[in-house]
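Engineer: Below you'll find the structure I mean.
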2 protein chains.
Amino acid sequence: MLASPEHRLSPPDVQKIRAGMGASGKRVRQIERRCRAVGFKMTDVRRVLLHGIVEAGEGATAVEIWKVLRGMIAGHVPSQGSLQRNLNLLVEHGVLHRDVGSDRVWRYRVAPKDRPTLAVTFVDAGTGREIACHAPEVAELLRRIAARHGLAVREASITVAPSSVCAGEAR
Amino acid sequence: MLASPEHRLSPPDVQKIRAGMGASGKRVRQIERRCRAVGFKMTDVRRVLLHGIVEAGEGATAVEIWKVLRGMIAGHVPSQGSLQRNLNLLVEHGVLHRDVGSDRVWRYRVAPKDRPTLAVTFVDAGTGREIACHAPEVAELLRRIAARHGLAVREASITVAPSSVCAGEAR
DNA sequence: ATATCTGCAAACAGTTTGCGGCATG
DNA sequence: CATGCCGCAAACTGTTTGCAGATAT
């Protein structure tokens, strides 16, 4: 399982996208923004990947995307391994949706733009009063964990109690 | 790819089904009848397979069915190869339906009992008059070919013209 | 330094396929 | 004969995983 001596042959570069293609750079940048928003760090490979996803269109399979990339990139194309891995991550982060076609192959598509920042509310264990919680990081973490179980968070209410009250007494 | 010297170790036998199981023998015989109806020849292995399908319940996967069989048969259990092959055939013949679950694995279930002998009608190219065609073999052939493409025939109207009229002139 | 990312190739899982043997018509 | 079924094991296919070098924080 040993890899070849040379890694990262030549940095995958969005600039190397062949002229004429990449027409939808706008859409890509939009998705890119969304990635950052949900805490998905961008890299060269990933930026390139996004172009491939957009260019391949909705419902494309992993290899289809890869082939599209191979066609539109002049230099080095990300390995299928990295591609699949990043697709999975994008799904976990909720940027992409994924479902199986009748040929048992994953189809990817950009997730519908929901994101009303997801309603996270704290519920006071004692009074029952609700307190809105505008914490994108919390929302994101929940979304991430849920996604790991194939679920999508609709809303979350977190029962809390003043820190002075012991957990056991909470009601 | 050479097989071992001995084939058919011990004939798979429905009789060898462990006591207590096979409670749904009725349902099995019903499906068995349907198999014959669509021209799917029964064999020992296939009969056993049907028991497995029924016992495993709707939406079972191929290996699930196989495991169930392994649990309910005393003697020799059909190989997974044969099992899959026969499942495919059953799907082709329309006895089973098949679709993919969210884990990208085929799920099998007994096809809903439609079969109103499937309406096949001839439409006269000249007059537009419809002529019912009660030909189960035609219906079956269509069903089979359609199944090969993952489709299910709902109805078929075949435009025809009196044999004296050349195809090109038909309207 | 620690954490993350990537390429590569091996590993995986479910399914399909090729072959020889055998049984039946 | 010809046809078709079955067991076995190899082949296939899309996906996942382990490792080590590379990069970023």
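By convention here, the chains of the structure tokens are called A, B, ... in the order presented, each chain's residues are numbered starting at 1, and ligands are numbered starting at 1 in the order presented.
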Give me, as a PyMOL selection string, the residues of chain D touching chain A, with the criterion being at most 9 Å (counting only C-alpha atoms (C1' of nucleotides)).

Structural biologist: chain D and resi 14-16+18-22

Engineer: Put those residues in a file: C-alpha atoms (C1' of nucleotides), as a compact mmCIF listing (two decimals), in the first residue's frame.

Structural biologist:
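Result went into selection_26.txt, see below:
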```
# COMPACT_ATOMS: atom_id res chain seq x y z
C1' DG D 14 -18.34 2.01 -7.33
C1' DT D 15 -16.93 3.14 -2.94
C1' DT D 16 -14.16 3.16 1.28
C1' DG D 18 -4.83 2.96 5.41
C1' DC D 19 -0.64 4.91 4.82
C1' DA D 20 2.83 8.41 4.21
C1' DG D 21 4.22 12.66 2.30
C1' DA D 22 2.60 17.55 1.98
```

Engineer: Can you check which residues of chain B have any atom within 10 Å of chain A? Use only C-alpha atoms and format it as a ChimeraX atom specification.

Structural biologist: /B:98-106,150

Engineer: Please report as a compact mmCIF listing (two decimals) with N, CA, C and O atoms (P, O5', C5', C4', C3', O3' and C1' of nucleotides), in the first residue's frame which residues of chain C come no farther than 12 Å from chain A, using only C-alpha atoms (C1' of nucleotides).

Structural biologist:
```txt
# COMPACT_ATOMS: atom_id res chain seq x y z
P DT C 4 -8.41 18.37 12.66
O5' DT C 4 -8.13 18.57 11.10
C5' DT C 4 -7.84 19.87 10.60
C4' DT C 4 -7.41 19.79 9.16
C3' DT C 4 -8.26 18.84 8.30
O3' DT C 4 -8.73 19.57 7.19
C1' DT C 4 -5.96 18.47 7.94
P DC C 5 -9.53 18.90 6.07
O5' DC C 5 -8.44 18.62 4.96
C5' DC C 5 -7.74 19.72 4.40
C4' DC C 5 -6.83 19.24 3.29
C3' DC C 5 -7.52 18.34 2.27
O3' DC C 5 -7.26 18.83 0.96
C1' DC C 5 -5.55 17.31 3.09
P DT C 6 -7.96 18.18 -0.26
O5' DT C 6 -6.85 17.22 -0.83
C5' DT C 6 -5.59 17.75 -1.23
C4' DT C 6 -4.66 16.62 -1.67
C3' DT C 6 -5.32 15.60 -2.60
O3' DT C 6 -4.64 15.61 -3.85
C1' DT C 6 -4.14 14.52 -0.82
P DG C 7 -5.23 14.86 -5.08
O5' DG C 7 -4.19 13.66 -5.23
C5' DG C 7 -2.81 13.95 -5.25
C4' DG C 7 -2.02 12.66 -5.16
C3' DG C 7 -2.52 11.56 -6.12
O3' DG C 7 -1.41 11.03 -6.83
C1' DG C 7 -2.47 10.76 -3.87
P DC C 8 -1.59 10.00 -7.97
O5' DC C 8 -1.50 8.59 -7.23
C5' DC C 8 -0.28 8.24 -6.57
C4' DC C 8 -0.51 6.99 -5.74
C3' DC C 8 -1.18 5.86 -6.52
O3' DC C 8 -0.24 4.82 -6.67
C1' DC C 8 -2.08 6.11 -4.33
P DA C 9 -0.55 3.68 -7.72
O5' DA C 9 -0.98 2.53 -6.73
C5' DA C 9 -0.20 2.33 -5.55
C4' DA C 9 -0.99 1.47 -4.59
C3' DA C 9 -1.65 0.26 -5.24
O3' DA C 9 -1.50 -0.83 -4.37
C1' DA C 9 -3.26 1.49 -4.10
P DA C 10 -1.76 -2.29 -4.86
O5' DA C 10 -2.47 -2.90 -3.57
C5' DA C 10 -1.97 -2.56 -2.29
C4' DA C 10 -3.09 -2.65 -1.27
C3' DA C 10 -3.89 -3.93 -1.36
O3' DA C 10 -4.06 -4.47 -0.07
C1' DA C 10 -5.34 -2.07 -1.50
P DA C 11 -4.85 -5.77 0.15
O5' DA C 11 -6.27 -5.22 0.61
C5' DA C 11 -6.32 -4.39 1.77
C4' DA C 11 -7.76 -4.01 2.03
C3' DA C 11 -8.74 -5.19 2.08
O3' DA C 11 -9.56 -5.02 3.21
C1' DA C 11 -9.51 -3.56 0.55
P DG C 14 -22.68 -6.81 1.36
O5' DG C 14 -23.33 -6.75 -0.08
C5' DG C 14 -23.75 -5.48 -0.57
C4' DG C 14 -23.99 -5.57 -2.05
C3' DG C 14 -24.85 -6.74 -2.48
O3' DG C 14 -25.84 -6.23 -3.37
C1' DG C 14 -22.80 -6.75 -3.67
P DT C 15 -26.85 -7.21 -4.04
O5' DT C 15 -26.18 -7.48 -5.45
C5' DT C 15 -25.87 -6.38 -6.27
C4' DT C 15 -25.07 -6.83 -7.48
C3' DT C 15 -25.75 -7.90 -8.33
O3' DT C 15 -26.03 -7.33 -9.61
C1' DT C 15 -23.42 -8.33 -8.03
```

Engineer: Going by DSSP on the backbone, which bits of range 55-122 of chain B are strand (DSSP E)? Write them as a PDB file with all heavy atoms, in the first residue's frame, please.

Structural biologist:
```
ATOM      1  N   LEU B  96     -41.068 -10.826  -9.165  1.00  0.00           N
ATOM      2  CA  LEU B  96     -40.549  -9.979  -8.098  1.00  0.00           C
ATOM      3  C   LEU B  96     -40.355  -8.557  -8.617  1.00  0.00           C
ATOM      4  O   LEU B  96     -40.163  -8.350  -9.810  1.00  0.00           O
ATOM      5  CB  LEU B  96     -39.209 -10.499  -7.593  1.00  0.00           C
ATOM      6  CG  LEU B  96     -39.180 -11.830  -6.866  1.00  0.00           C
ATOM      7  CD1 LEU B  96     -37.786 -12.116  -6.342  1.00  0.00           C
ATOM      8  CD2 LEU B  96     -40.179 -11.835  -5.728  1.00  0.00           C
ATOM      9  N   HIS B  97     -40.418  -7.620  -7.705  1.00  0.00           N
ATOM     10  CA  HIS B  97     -40.013  -6.263  -8.021  1.00  0.00           C
ATOM     11  C   HIS B  97     -38.750  -5.986  -7.242  1.00  0.00           C
ATOM     12  O   HIS B  97     -38.480  -6.609  -6.230  1.00  0.00           O
ATOM     13  CB  HIS B  97     -41.100  -5.258  -7.644  1.00  0.00           C
ATOM     14  CG  HIS B  97     -42.119  -5.086  -8.720  1.00  0.00           C
ATOM     15  ND1 HIS B  97     -43.190  -4.230  -8.613  1.00  0.00           N
ATOM     16  CD2 HIS B  97     -42.228  -5.657  -9.939  1.00  0.00           C
ATOM     17  CE1 HIS B  97     -43.918  -4.287  -9.715  1.00  0.00           C
ATOM     18  NE2 HIS B  97     -43.367  -5.145 -10.526  1.00  0.00           N
ATOM     19  N   ARG B  98     -38.002  -5.047  -7.750  1.00  0.00           N
ATOM     20  CA  ARG B  98     -36.701  -4.786  -7.151  1.00  0.00           C
ATOM     21  C   ARG B  98     -36.434  -3.300  -7.168  1.00  0.00           C
ATOM     22  O   ARG B  98     -36.674  -2.627  -8.158  1.00  0.00           O
ATOM     23  CB  ARG B  98     -35.647  -5.511  -7.977  1.00  0.00           C
ATOM     24  CG  ARG B  98     -34.241  -5.238  -7.606  1.00  0.00           C
ATOM     25  CD  ARG B  98     -33.316  -6.140  -8.372  1.00  0.00           C
ATOM     26  NE  ARG B  98     -33.115  -5.665  -9.733  1.00  0.00           N
ATOM     27  CZ  ARG B  98     -32.214  -6.205 -10.563  1.00  0.00           C
ATOM     28  NH1 ARG B  98     -31.497  -7.236 -10.176  1.00  0.00           N
ATOM     29  NH2 ARG B  98     -32.065  -5.730 -11.765  1.00  0.00           N
ATOM     30  N   ASP B  99     -35.934  -2.765  -6.085  1.00  0.00           N
ATOM     31  CA  ASP B  99     -35.521  -1.371  -6.082  1.00  0.00           C
ATOM     32  C   ASP B  99     -34.390  -1.193  -5.096  1.00  0.00           C
ATOM     33  O   ASP B  99     -34.140  -2.041  -4.248  1.00  0.00           O
ATOM     34  CB  ASP B  99     -36.692  -0.451  -5.753  1.00  0.00           C
ATOM     35  CG  ASP B  99     -37.711  -1.146  -4.887  1.00  0.00           C
ATOM     36  OD1 ASP B  99     -37.308  -2.010  -4.065  1.00  0.00           O
ATOM     37  OD2 ASP B  99     -38.906  -0.840  -5.016  1.00  0.00           O
ATOM     38  N   VAL B 100     -33.716  -0.068  -5.207  1.00  0.00           N
ATOM     39  CA  VAL B 100     -32.543   0.161  -4.385  1.00  0.00           C
ATOM     40  C   VAL B 100     -32.893   0.905  -3.123  1.00  0.00           C
ATOM     41  O   VAL B 100     -33.671   1.846  -3.141  1.00  0.00           O
ATOM     42  CB  VAL B 100     -31.484   0.975  -5.141  1.00  0.00           C
ATOM     43  CG1 VAL B 100     -30.772   0.090  -6.132  1.00  0.00           C
ATOM     44  CG2 VAL B 100     -32.110   2.163  -5.809  1.00  0.00           C
ATOM     45  N   TRP B 106     -29.933  -3.808  -3.592  1.00  0.00           N
ATOM     46  CA  TRP B 106     -31.235  -4.214  -4.102  1.00  0.00           C
ATOM     47  C   TRP B 106     -32.132  -4.734  -2.991  1.00  0.00           C
ATOM     48  O   TRP B 106     -31.691  -5.487  -2.139  1.00  0.00           O
ATOM     49  CB  TRP B 106     -31.081  -5.319  -5.139  1.00  0.00           C
ATOM     50  CG  TRP B 106     -30.446  -4.914  -6.433  1.00  0.00           C
ATOM     51  CD1 TRP B 106     -29.336  -5.474  -6.999  1.00  0.00           C
ATOM     52  CD2 TRP B 106     -30.886  -3.900  -7.337  1.00  0.00           C
ATOM     53  NE1 TRP B 106     -29.061  -4.856  -8.200  1.00  0.00           N
ATOM     54  CE2 TRP B 106     -29.997  -3.888  -8.441  1.00  0.00           C
ATOM     55  CE3 TRP B 106     -31.937  -3.001  -7.333  1.00  0.00           C
ATOM     56  CZ2 TRP B 106     -30.138  -3.015  -9.502  1.00  0.00           C
ATOM     57  CZ3 TRP B 106     -32.069  -2.130  -8.382  1.00  0.00           C
ATOM     58  CH2 TRP B 106     -31.179  -2.134  -9.457  1.00  0.00           C
ATOM     59  N   ARG B 107     -33.394  -4.319  -3.034  1.00  0.00           N
ATOM     60  CA  ARG B 107     -34.400  -4.884  -2.117  1.00  0.00           C
ATOM     61  C   ARG B 107     -35.427  -5.589  -2.983  1.00  0.00           C
ATOM     62  O   ARG B 107     -35.871  -5.036  -3.977  1.00  0.00           O
ATOM     63  CB  ARG B 107     -35.133  -3.814  -1.315  1.00  0.00           C
ATOM     64  CG  ARG B 107     -34.301  -2.730  -0.661  1.00  0.00           C
ATOM     65  CD  ARG B 107     -33.102  -3.212   0.008  1.00  0.00           C
ATOM     66  NE  ARG B 107     -33.235  -3.492   1.431  1.00  0.00           N
ATOM     67  CZ  ARG B 107     -32.506  -2.877   2.351  1.00  0.00           C
ATOM     68  NH1 ARG B 107     -31.690  -1.908   2.003  1.00  0.00           N
ATOM     69  NH2 ARG B 107     -32.604  -3.240   3.607  1.00  0.00           N
ATOM     70  N   TYR B 108     -35.792  -6.784  -2.570  1.00  0.00           N
ATOM     71  CA  TYR B 108     -36.742  -7.563  -3.353  1.00  0.00           C
ATOM     72  C   TYR B 108     -38.085  -7.666  -2.638  1.00  0.00           C
ATOM     73  O   TYR B 108     -38.131  -7.729  -1.410  1.00  0.00           O
ATOM     74  CB  TYR B 108     -36.188  -8.960  -3.600  1.00  0.00           C
ATOM     75  CG  TYR B 108     -34.930  -8.953  -4.431  1.00  0.00           C
ATOM     76  CD1 TYR B 108     -33.681  -8.824  -3.828  1.00  0.00           C
ATOM     77  CD2 TYR B 108     -34.989  -9.035  -5.813  1.00  0.00           C
ATOM     78  CE1 TYR B 108     -32.523  -8.788  -4.593  1.00  0.00           C
ATOM     79  CE2 TYR B 108     -33.848  -9.005  -6.587  1.00  0.00           C
ATOM     80  CZ  TYR B 108     -32.613  -8.881  -5.962  1.00  0.00           C
ATOM     81  OH  TYR B 108     -31.487  -8.842  -6.711  1.00  0.00           O
ATOM     82  N   ARG B 109     -39.146  -7.682  -3.427  1.00  0.00           N
ATOM     83  CA  ARG B 109     -40.469  -7.898  -2.860  1.00  0.00           C
ATOM     84  C   ARG B 109     -41.344  -8.521  -3.928  1.00  0.00           C
ATOM     85  O   ARG B 109     -41.163  -8.278  -5.127  1.00  0.00           O
ATOM     86  CB  ARG B 109     -41.080  -6.585  -2.362  1.00  0.00           C
ATOM     87  CG  ARG B 109     -41.196  -5.537  -3.416  1.00  0.00           C
ATOM     88  CD  ARG B 109     -41.368  -4.146  -2.805  1.00  0.00           C
ATOM     89  NE  ARG B 109     -41.226  -3.114  -3.809  1.00  0.00           N
ATOM     90  CZ  ARG B 109     -42.130  -2.871  -4.762  1.00  0.00           C
ATOM     91  NH1 ARG B 109     -43.252  -3.544  -4.773  1.00  0.00           N
ATOM     92  NH2 ARG B 109     -41.917  -1.935  -5.657  1.00  0.00           N
ATOM     93  N   VAL B 110     -42.261  -9.313  -3.485  1.00  0.00           N
ATOM     94  CA  VAL B 110     -43.149  -9.962  -4.426  1.00  0.00           C
ATOM     95  C   VAL B 110     -43.967  -8.900  -5.133  1.00  0.00           C
ATOM     96  O   VAL B 110     -44.533  -8.018  -4.484  1.00  0.00           O
ATOM     97  CB  VAL B 110     -44.074 -10.952  -3.701  1.00  0.00           C
ATOM     98  CG1 VAL B 110     -44.891 -11.727  -4.704  1.00  0.00           C
ATOM     99  CG2 VAL B 110     -43.262 -11.891  -2.831  1.00  0.00           C
ATOM    100  N   VAL B 120     -53.274  -5.840 -24.492  1.00  0.00           N
ATOM    101  CA  VAL B 120     -52.543  -5.640 -25.739  1.00  0.00           C
ATOM    102  C   VAL B 120     -53.558  -5.413 -26.846  1.00  0.00           C
ATOM    103  O   VAL B 120     -54.423  -6.253 -27.078  1.00  0.00           O
ATOM    104  CB  VAL B 120     -51.684  -6.862 -26.092  1.00  0.00           C
ATOM    105  CG1 VAL B 120     -50.981  -6.646 -27.423  1.00  0.00           C
ATOM    106  CG2 VAL B 120     -50.670  -7.122 -24.991  1.00  0.00           C
ATOM    107  N   THR B 121     -53.484  -4.281 -27.480  1.00  0.00           N
ATOM    108  CA  THR B 121     -54.465  -4.002 -28.545  1.00  0.00           C
ATOM    109  C   THR B 121     -53.761  -3.666 -29.839  1.00  0.00           C
ATOM    110  O   THR B 121     -52.720  -3.026 -29.849  1.00  0.00           O
ATOM    111  CB  THR B 121     -55.363  -2.816 -28.159  1.00  0.00           C
ATOM    112  OG1 THR B 121     -54.542  -1.725 -27.731  1.00  0.00           O
ATOM    113  CG2 THR B 121     -56.289  -3.180 -27.025  1.00  0.00           C
ATOM    114  N   PHE B 122     -54.339  -4.124 -30.900  1.00  0.00           N
ATOM    115  CA  PHE B 122     -53.837  -3.761 -32.223  1.00  0.00           C
ATOM    116  C   PHE B 122     -54.610  -2.545 -32.689  1.00  0.00           C
ATOM    117  O   PHE B 122     -55.823  -2.453 -32.508  1.00  0.00           O
ATOM    118  CB  PHE B 122     -54.053  -4.910 -33.204  1.00  0.00           C
ATOM    119  CG  PHE B 122     -53.115  -6.057 -32.985  1.00  0.00           C
ATOM    120  CD1 PHE B 122     -53.576  -7.360 -32.903  1.00  0.00           C
ATOM    121  CD2 PHE B 122     -51.746  -5.830 -32.849  1.00  0.00           C
ATOM    122  CE1 PHE B 122     -52.702  -8.412 -32.705  1.00  0.00           C
ATOM    123  CE2 PHE B 122     -50.862  -6.879 -32.655  1.00  0.00           C
ATOM    124  CZ  PHE B 122     -51.337  -8.178 -32.576  1.00  0.00           C
TER     125      PHE B 122
END
```

Engineer: Report, in Å to a single decimal, how far apart C1' of DA11 in chain D and CA of Ala60 in chain B are.

Structural biologist: 25.6 Å

Engineer: From a backbone DSSP assignment, name each residue in range 20-85 of chain B labelled alpha helix (DSSP H), as a PyMOL selection string.

Structural biologist: chain B and resi 25-37+44-56+62-72+80-85

Engineer: For each of B:Asn86, B:Arg29, B:Arg36, B:Ile73, take the minimum atom-to-atom distance to DC6 in chain D, counting only C-alpha atoms (C1' of nucleotides), then give the residue where this is smallest.

Structural biologist: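 Answer, going by the shortest atom-to-atom distance: B:Asn86.
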
Engineer: Could you state the separation of CA of His51 in chain A and CA of His93 in chain A in Å, given to one decimal place?

Structural biologist: 17.9 Å

Engineer: With distances taken over only C-alpha atoms (C1' of nucleotides), which residue among C:DA3, C:DC12, C:DA23, C:DT17 lies nearest DA24 in chain D?

Structural biologist: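 The shortest atom-to-atom distance to DA24 in chain D comes from C:DA3.
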